[in-house]
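Text of entry.txt, listed as compact mmCIF, C-alpha atoms:
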# COMPACT_ATOMS: atom_id res chain seq x y z
CA MET J 201 0.00 0.00 0.00
CA ARG J 202 1.16 3.55 -0.44
CA ARG J 203 2.47 5.32 2.60
CA TYR J 204 2.36 9.01 2.83
CA GLY J 205 2.01 9.12 -1.04
CA TYR J 206 4.99 6.84 -1.91
CA ASP J 207 5.10 3.28 -3.25
CA PRO J 208 6.95 0.93 -1.06
CA TYR J 209 10.63 0.15 -2.24
CA HIS J 210 11.03 -3.30 -3.69
CA GLY J 211 14.90 -3.25 -4.52
CA ARG J 212 16.96 -2.93 -7.85
CA SER J 213 15.28 -4.23 -11.08
CA ARG J 214 16.92 -7.41 -12.40
CA GLY J 215 15.77 -6.79 -16.02
CA ARG J 216 17.61 -3.47 -16.24
CA THR J 217 20.87 -5.03 -15.09
CA ALA J 218 20.64 -7.84 -17.69
CA LEU J 219 19.99 -5.28 -20.45
CA LYS J 220 23.15 -3.35 -19.55
CA ILE J 221 25.20 -6.54 -19.61
CA LEU J 222 23.82 -7.45 -23.05
CA ILE J 223 24.65 -4.00 -24.42
CA GLY J 224 28.19 -4.28 -23.07
CA ILE J 225 28.67 -7.67 -24.69
CA LEU J 226 27.41 -6.38 -28.05
CA LEU J 227 29.77 -3.40 -27.88
CA CYS J 228 32.71 -5.72 -27.17
CA LEU J 229 31.75 -7.94 -30.08
CA LEU J 230 31.52 -4.90 -32.37
CA VAL J 231 34.96 -3.67 -31.32
CA LEU J 232 36.42 -7.16 -31.78
CA SER J 233 34.78 -7.49 -35.21
CA VAL J 234 36.22 -4.18 -36.40
CA ALA J 235 39.67 -5.12 -35.06
CA ALA J 236 39.48 -8.54 -36.71
CA LEU J 237 38.43 -6.99 -40.00
CA LEU J 238 41.37 -4.60 -39.95
CA PHE J 239 43.76 -7.40 -39.03
CA LEU J 240 42.48 -9.87 -41.63
CA GLU J 241 42.10 -7.38 -44.51
CA PRO J 242 45.47 -8.32 -46.19
CA TYR J 243 44.44 -11.99 -46.19
CA ILE J 244 40.98 -11.54 -47.68
CA HIS J 245 40.79 -12.27 -51.48
CA TYR J 246 37.77 -11.59 -53.63
CA THR J 247 37.46 -14.06 -56.53
CA SER J 248 34.84 -15.07 -59.07
CA ASP J 249 33.93 -17.92 -56.71
CA GLY J 250 33.38 -15.65 -53.71
CA VAL J 251 35.46 -14.36 -50.80
CA ARG J 252 38.52 -16.42 -49.79
CA LEU J 253 40.52 -16.07 -46.54
CA ASP J 254 44.22 -17.06 -46.80
CA LEU J 255 45.76 -17.01 -43.32
CA PRO J 256 49.59 -17.16 -43.03
CA PHE J 257 49.57 -20.35 -40.94
CA PHE J 258 47.58 -22.17 -43.68
CA GLN J 259 50.10 -21.34 -46.45
CA ASN J 260 52.35 -24.03 -47.99
CA LYS J 261 56.11 -24.28 -47.60
CA ASP J 262 56.83 -21.90 -50.47
CA GLY J 263 54.78 -19.14 -48.87
CA GLU J 264 51.98 -19.44 -51.44
CA PRO J 265 48.38 -19.75 -50.13
CA ALA J 266 47.01 -23.26 -50.27
CA PRO J 267 44.52 -23.61 -53.12
CA PRO J 268 40.94 -24.42 -52.22
CA GLU J 269 39.88 -28.03 -52.46
CA ASN J 270 38.53 -29.34 -55.76
CA SER J 271 39.94 -26.32 -57.62
CA THR J 272 41.99 -26.26 -60.81
CA PRO J 273 45.13 -24.10 -60.59
CA LEU J 274 45.15 -21.20 -63.02
CA GLN J 275 48.20 -21.47 -65.27
CA LEU J 276 49.42 -18.44 -67.18
CA THR J 277 51.57 -19.04 -70.23
CA THR J 278 53.55 -16.39 -72.04
CA PRO J 279 53.64 -17.07 -75.79
CA SER J 280 57.15 -17.53 -77.07
CA PRO J 281 58.11 -15.10 -79.84
CA THR J 282 57.90 -16.64 -83.28
CA PRO J 283 61.44 -17.02 -84.58
CA THR J 284 62.00 -14.96 -87.69
CA SER J 285 64.18 -16.34 -90.44
CA THR J 286 67.38 -14.39 -90.89
CA PRO J 287 68.01 -13.68 -94.57
CA GLU J 288 71.12 -15.33 -95.85
CA PRO J 289 73.83 -12.82 -96.70
CA GLU J 290 74.30 -12.27 -100.40
CA THR J 291 77.45 -13.88 -101.74
CA ASP J 292 79.86 -11.82 -103.77
CA PHE J 293 79.33 -12.03 -107.52
CA ARG J 294 82.51 -12.92 -109.42
CA GLY J 295 81.91 -13.38 -113.12
CA VAL J 296 84.50 -14.75 -115.53
CA LEU J 297 84.19 -14.42 -119.32
CA LEU J 298 84.80 -17.84 -120.89
CA ALA J 299 85.35 -18.90 -124.48
CA ALA J 300 82.38 -20.43 -126.29
CA THR J 301 84.14 -23.81 -126.33
CA ALA J 302 83.53 -24.12 -122.56
CA ILE J 303 79.84 -24.57 -123.35
CA THR J 304 80.46 -27.94 -124.98
CA ASP J 305 83.75 -29.29 -123.60
CA GLY J 306 82.60 -29.62 -119.98
CA THR J 307 85.26 -27.31 -118.52
CA ALA J 308 83.09 -24.30 -117.61
CA GLN J 309 82.86 -25.06 -113.90
CA SER J 310 86.55 -25.91 -113.51
CA GLN J 311 87.59 -22.74 -115.35
CA VAL J 312 85.39 -20.58 -113.13
CA ASP J 313 86.75 -22.28 -110.01
CA ALA J 314 90.34 -21.83 -111.15
CA ALA J 315 89.75 -18.09 -111.63
CA GLY J 316 88.18 -17.73 -108.19
CA GLY J 317 84.83 -16.92 -109.73
CA THR J 318 81.22 -17.78 -108.98
CA ALA J 319 79.66 -17.32 -112.43
CA ALA J 320 80.43 -18.02 -116.07
CA ILE J 321 79.88 -15.27 -118.66
CA PHE J 322 79.45 -16.19 -122.31
CA SER J 323 79.28 -13.82 -125.28
CA MET J 324 76.00 -14.46 -127.06
CA LYS J 325 75.98 -11.40 -129.36
CA GLU J 326 79.30 -10.06 -130.59
CA THR J 327 80.06 -6.53 -131.80
CA ASP J 328 80.36 -7.94 -135.32
CA GLY J 329 76.71 -8.93 -135.10
CA THR J 330 77.13 -12.70 -134.88
CA LEU J 331 75.08 -14.66 -132.35
CA GLY J 332 76.44 -17.45 -130.19
CA TYR J 333 73.35 -19.61 -130.57
CA GLN J 334 70.78 -20.56 -133.19
CA SER J 335 68.15 -17.81 -133.29
CA GLN J 336 64.70 -17.39 -134.79
CA THR J 337 65.27 -13.68 -135.41
CA THR J 338 65.39 -12.30 -138.92
CA LEU J 339 68.05 -9.61 -138.48
CA GLY J 340 70.91 -11.39 -136.72
CA THR J 341 73.44 -13.97 -137.89
CA SER J 342 72.81 -17.22 -136.02
CA SER J 343 75.45 -19.70 -135.00
CA GLU J 344 75.98 -22.51 -137.49
CA GLN J 345 77.19 -24.94 -134.81
CA ALA J 346 74.90 -27.95 -134.74
CA GLY J 347 73.36 -28.73 -131.36
CA ILE J 348 74.64 -25.52 -129.74
CA ASN J 349 71.25 -24.64 -128.25
CA GLU J 350 70.91 -28.06 -126.64
CA ALA J 351 74.44 -27.77 -125.22
CA ILE J 352 73.61 -24.34 -123.78
CA GLN J 353 70.46 -25.69 -122.15
CA THR J 354 72.37 -28.63 -120.67
CA LEU J 355 74.99 -26.32 -119.16
CA ASN J 356 72.37 -23.90 -117.86
CA GLY J 357 70.49 -26.78 -116.27
CA GLY J 358 73.36 -27.38 -113.84
CA GLU J 359 74.42 -25.59 -110.66
CA LEU J 360 76.71 -23.06 -112.36
CA TYR J 361 75.37 -19.49 -112.50
CA THR J 362 75.50 -18.38 -116.14
CA VAL J 363 75.39 -14.93 -117.73
CA ALA J 364 74.69 -14.14 -121.39
CA TRP J 365 76.66 -11.06 -122.51
CA ILE J 366 75.29 -9.21 -125.52
CA SER J 367 76.45 -6.12 -127.38
CA CYS J 368 73.13 -4.36 -127.81
CA PHE J 369 73.59 -1.55 -130.33
CA ARG J 370 77.31 -1.66 -131.10
CA ASP J 371 76.69 -3.94 -134.05
CA ASN J 372 78.83 -3.73 -137.17
CA ALA J 373 76.54 -5.97 -139.25
CA LEU J 374 73.09 -4.40 -139.06
CA PRO J 375 73.98 -0.93 -140.45
CA TRP J 376 76.23 -2.53 -143.06
CA ASN J 377 73.33 -4.69 -144.27
CA ASP J 378 70.76 -1.91 -144.00
CA ARG J 379 71.93 1.67 -143.65
CA ALA J 380 68.48 2.72 -142.38
CA LEU J 381 69.16 0.82 -139.14
CA GLY J 382 72.37 2.66 -138.25
CA ILE J 383 73.68 5.87 -136.75
CA HIS J 384 74.96 8.18 -139.44
CA SER J 385 77.62 10.71 -140.21
CA ASN J 386 77.55 13.12 -143.14
CA SER J 387 79.44 10.55 -145.23
CA GLY J 388 77.41 7.43 -144.39
CA ASN J 389 77.39 5.07 -141.41
CA TRP J 390 79.14 6.55 -138.40
CA ARG J 391 81.96 4.44 -136.88
CA ASP J 392 83.53 4.56 -133.44
CA ASP J 393 87.19 4.56 -132.35
CA GLU J 394 87.58 0.91 -133.45
CA SER J 395 85.75 1.48 -136.74
CA ILE J 396 82.66 -0.38 -135.53
CA ARG J 397 79.23 0.68 -136.75
CA TRP J 398 76.30 1.20 -134.37
CA SER J 399 72.65 0.36 -134.92
CA SER J 400 70.21 2.96 -133.64
CA PRO J 401 68.00 2.45 -130.56
CA ALA J 402 65.63 4.95 -132.17
CA VAL J 403 64.65 2.39 -134.82
CA GLU J 404 61.73 0.25 -133.65
CA SER J 405 62.88 -2.90 -135.48
CA VAL J 406 66.32 -2.63 -133.86
CA ARG J 407 64.81 -2.33 -130.38
CA SER J 408 62.55 -5.31 -131.03
CA TYR J 409 65.46 -7.37 -132.37
CA VAL J 410 67.62 -6.81 -129.28
CA ALA J 411 64.68 -7.56 -126.99
CA GLN J 412 63.95 -10.77 -128.92
CA VAL J 413 67.58 -11.90 -128.54
CA CYS J 414 67.31 -11.36 -124.77
CA GLY J 415 64.09 -13.36 -124.63
CA GLU J 416 65.58 -16.25 -126.59
CA LEU J 417 68.62 -16.39 -124.31
CA ALA J 418 66.40 -16.35 -121.23
CA GLY J 419 64.47 -19.24 -122.77
CA LEU J 420 67.74 -21.18 -123.12
CA GLY J 421 68.14 -21.04 -119.35
CA PHE J 422 70.64 -18.27 -118.65
CA ASP J 423 70.37 -16.86 -115.14
CA GLU J 424 71.23 -13.33 -116.21
CA ILE J 425 71.26 -11.22 -119.37
CA LEU J 426 74.06 -8.64 -119.40
CA LEU J 427 73.46 -5.69 -121.73
CA ASP J 428 76.64 -3.97 -122.90
CA ASN J 429 76.80 -1.04 -125.35
CA CYS J 430 73.23 -0.42 -124.26
CA GLY J 431 72.55 3.10 -125.48
CA PHE J 432 73.83 5.62 -127.96
CA PRO J 433 77.59 5.80 -128.71
CA THR J 434 79.89 7.44 -126.19
CA ARG J 435 83.23 6.39 -127.66
CA GLY J 436 84.99 7.73 -130.72
CA THR J 437 84.33 11.09 -132.33
CA VAL J 438 80.69 11.45 -131.37
CA SER J 439 80.70 15.03 -132.65
CA TYR J 440 80.68 13.55 -136.18
CA ILE J 441 77.32 11.88 -135.56
CA LYS J 442 74.61 13.35 -137.76
CA SER J 443 71.45 14.55 -136.02
CA ASP J 444 68.50 12.93 -137.75
CA SER J 445 65.60 10.62 -136.90
CA ASN J 446 68.06 7.92 -135.84
CA TYR J 447 69.92 10.23 -133.46
CA ASP J 448 68.09 13.13 -131.84
CA PRO J 449 70.16 14.59 -128.95
CA ALA J 450 66.96 15.89 -127.34
CA THR J 451 65.32 12.45 -127.04
CA LEU J 452 68.14 10.06 -126.18
CA THR J 453 66.84 9.21 -122.71
CA GLN J 454 63.25 8.98 -123.90
CA THR J 455 64.35 6.54 -126.61
CA MET J 456 66.21 4.35 -124.11
CA GLU J 457 63.19 4.26 -121.83
CA THR J 458 61.12 3.05 -124.79
CA PHE J 459 63.67 0.29 -125.37
CA PHE J 460 63.54 -0.83 -121.72
CA GLN J 461 59.75 -0.91 -121.87
CA THR J 462 59.93 -3.17 -124.92
CA LEU J 463 62.46 -5.37 -123.15
CA ASP J 464 60.28 -5.54 -120.05
CA GLN J 465 57.39 -6.88 -122.10
CA THR J 466 59.60 -9.56 -123.63
CA MET J 467 61.16 -10.61 -120.32
CA ALA J 468 57.86 -10.70 -118.44
CA GLN J 469 57.60 -14.45 -119.09
CA TYR J 470 61.02 -14.98 -117.47
CA PRO J 471 60.68 -13.20 -114.09
CA GLU J 472 63.48 -15.23 -112.53
CA VAL J 473 66.08 -14.03 -115.06
CA LYS J 474 68.03 -10.91 -114.08
CA VAL J 475 68.66 -8.07 -116.52
CA SER J 476 71.93 -6.20 -116.00
CA VAL J 477 73.40 -3.18 -117.75
CA VAL J 478 76.96 -1.95 -118.26
CA THR J 479 77.16 1.77 -117.55
CA SER J 480 79.61 4.49 -116.54
CA LEU J 481 80.52 6.09 -113.23
CA THR J 482 79.22 9.36 -114.65
CA VAL J 483 75.71 7.91 -114.89
CA LEU J 484 75.93 6.25 -111.47
CA ASN J 485 76.90 9.60 -109.98
CA GLY J 486 73.78 11.17 -111.47
CA GLY J 487 75.31 12.72 -114.58
CA SER J 488 74.94 12.22 -118.33
CA ASP J 489 77.51 10.48 -120.54
CA GLY J 490 75.63 10.86 -123.83
CA SER J 491 74.35 7.27 -123.94
CA GLY J 492 70.80 8.19 -122.99
CA LEU J 493 71.06 6.15 -119.80
CA THR J 494 70.26 7.82 -116.50
CA LEU J 495 70.46 6.68 -112.91
CA ASP J 496 66.66 6.74 -112.68
CA LEU J 497 66.34 4.43 -115.70
CA LEU J 498 68.83 1.98 -114.22
CA LYS J 499 67.11 1.96 -110.85
CA GLN J 500 63.79 1.32 -112.52
CA TYR J 501 64.74 -1.30 -115.12
CA ALA J 502 68.04 -2.95 -114.12
CA ASP J 503 68.50 -5.65 -111.51
CA LYS J 504 72.23 -4.99 -111.45
CA VAL J 505 74.79 -2.72 -113.11
CA TYR J 506 78.39 -3.27 -114.13
CA VAL J 507 80.83 -0.36 -114.25
CA GLN J 508 84.44 0.16 -115.30
CA VAL J 509 86.38 1.64 -112.40
CA GLY J 510 89.67 3.40 -113.05
CA GLU J 511 92.57 3.80 -110.69
CA GLY J 512 91.70 6.08 -107.79
CA GLU J 513 87.98 5.94 -108.59
CA THR J 514 85.38 4.57 -106.18
CA VAL J 515 82.05 2.94 -106.79
CA PRO J 516 79.11 4.80 -105.22
CA THR J 517 76.64 2.99 -102.98
CA ILE J 518 73.12 3.22 -104.37
CA GLU J 519 70.23 1.82 -102.37
CA GLY J 520 68.40 -0.96 -104.16
CA LEU J 521 70.97 -1.30 -106.95
CA GLU J 522 73.68 -3.97 -106.98
CA ILE J 523 76.89 -2.69 -108.56
CA VAL J 524 79.64 -4.94 -109.94
CA PRO J 525 83.03 -3.42 -110.81
CA ILE J 526 84.55 -4.50 -114.13
CA VAL J 527 88.17 -5.51 -113.53
CA SER J 528 91.03 -6.95 -115.54
CA GLN J 529 91.83 -9.55 -112.88
CA GLY J 530 89.79 -11.05 -110.07
CA THR J 531 90.50 -10.64 -106.37
CA ASP J 532 89.90 -12.76 -103.29
CA THR J 533 87.27 -10.42 -101.86
CA GLY J 534 84.34 -8.38 -103.13
CA SER J 535 82.25 -8.60 -106.29
CA TRP J 536 83.79 -8.23 -109.73
CA ALA J 537 83.53 -9.25 -113.35
CA VAL J 538 86.22 -9.94 -115.93
CA LEU J 539 84.82 -9.19 -119.38
CA SER J 540 87.95 -9.55 -121.50

As C-alpha cells, please, write out the structure in this file.
Amino acid sequence: MRRYGYDPYHGRSRGRTALKILIGILLCLLVLSVAALLFLEPYIHYTSDGVRLDLPFFQNKDGEPAPPENSTPLQLTTPSPTPTSTPEPETDFRGVLLAATAITDGTAQSQVDAAGGTAAIFSMKETDGTLGYQSQTTLGTSSEQAGINEAIQTLNGGELYTVAWISCFRDNALPWNDRALGIHSNSGNWRDDESIRWSSPAVESVRSYVAQVCGELAGLGFDEILLDNCGFPTRGTVSYIKSDSNYDPATLTQTMETFFQTLDQTMAQYPEVKVSVVTSLTVLNGGSDGSGLTLDLLKQYADKVYVQVGEGETVPTIEGLEIVPIVSQGTDTGSWAVLS
C-alpha cells in the first residue's frame, strides 16, 4: 500500500541489469569485429567464386596460399616469340668471261673455279653482229654450230650461275646490211674509235630485235642477261654523228626508256632471269655520258649494273641497286667481273 504518497521500495530491477550486460557484450563484439576486419584485410581475397581467406599459418612451404579443395590451378603461359628467319647474306658475284668452247667441252665449272669466280659469262651477241646460238630472229646472224642450243640448255640446267653477254647496239653488221638501221655521219654510217658501226635504238625494229635476242637467251636457261653497249655511242668522235631521226640529242633518254619498256614486255615471261646493264661512273653519280642512260632508268629497269672503275675511282653505294666493278683480274674479296 502507499504510505504518505509513496510506493513501497522493492529493490533494484533485475531486467535493467541484464539489459546493460547485453549491451556491453554487443559493444565488445563490435569492437572485436572491427579489429578482426582490420587485421584480416590483407588476407581476404575476392574471386569469381566468392570471398577467400588465406591465413599465413595455412600457407604451404613456399609461402603461397594453399589452393581451395577441388579447384583447378590457373596457369598463365607467355607465348614464345615466333622465330624470324634471318636472310642469308648475299654472296659476292665474281663473273668470268669464258670462251664459247667451254659450253660444250665440260670445262666451264673448272675454269670458273680456277679463276676464283662464282659465275660463267658467255658472249651471245658479238660486236660484229654474230650470235652465239641458233636464233629465230630475222636480223641477226645465227650460230651454225649444230646442237649448240641443246648444249647451252644442258649447261644452264646445272648448278653453275650463267650470264649471257650481248652487245646491244654496237653492231657492225646491221647498219652494213641496211643503212636505215644505223647511226649516221655526213658521209654514211658513223663508226667509233675501233671502226665499228652502231645500230640505232631509235629504230623500232632494232629495239625489237635486241629484246627478242634477250628473250631467246632467257628461254635457253641463262640466269642473267648482261646488256653492254646499251645506249647511244659514247666512244669515238661522237661530234661527227649526224642529227636525224636515228639520233636526236633531245630524245636520247626517252628513246632508251622506250627500249627498256619493250624489253620488259619480252622478259615478263622470265621473271626469274636478271637483266643487268653496263654503264659508266658518270651515270651512277647522277650525270649524263651521252648514252641516254640515266640513274633513274637503271634503278627502274636494271637488276644490277656493271661499271668500269679506273685507278683512284670509287664505286658509289646506291640503295636498291647492286653494282659490280669491271676488272682486268679477279681478287679474293668483293664482287667483280672480268669481261675480256

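Distances to J:Pro516 were evaluated for J:Gly486, J:Gly357, J:Pro449, J:Gly317 using only C-alpha atoms, and the minimum falls at J:Gly486.
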
Have a look at J:Ile441, J:Val406, J:Ala468, J:Leu355 and name the one nearest to J:Gly306; count only C-alpha atoms. J:Leu355

Which of these, J:Gln461, J:Ser385, J:Ser476, J:Thr482, has the shortest distance to J:Val438 once you count only C-alpha atoms?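 Closest to J:Val438, using only C-alpha atoms: J:Ser385.
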
Could you name the residues that touch stretch 336-350 of chain J at 10 Å or less, counting only C-alpha atoms, but leaving out those on the same chain fewer than 4 positions away, as a ChimeraX atom specification? /J:300,303-304,324-325,328-332,354-356,371,373-374,377-378,405-406,408-410,412-413,416-417,420

Extract, using only C-alpha atoms, all DNA, RNA and protein residues at most 9 Å from J:Ala380, discarding same-chain residues fewer than 6 positions from it, and format them as a list in words.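 Those residues are Ser399, Ser400, Val403 and Asn446 of chain J.
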
What separates atom CA of J:Ile366 and atom CA of J:Val477 is a distance of 10.0 Å
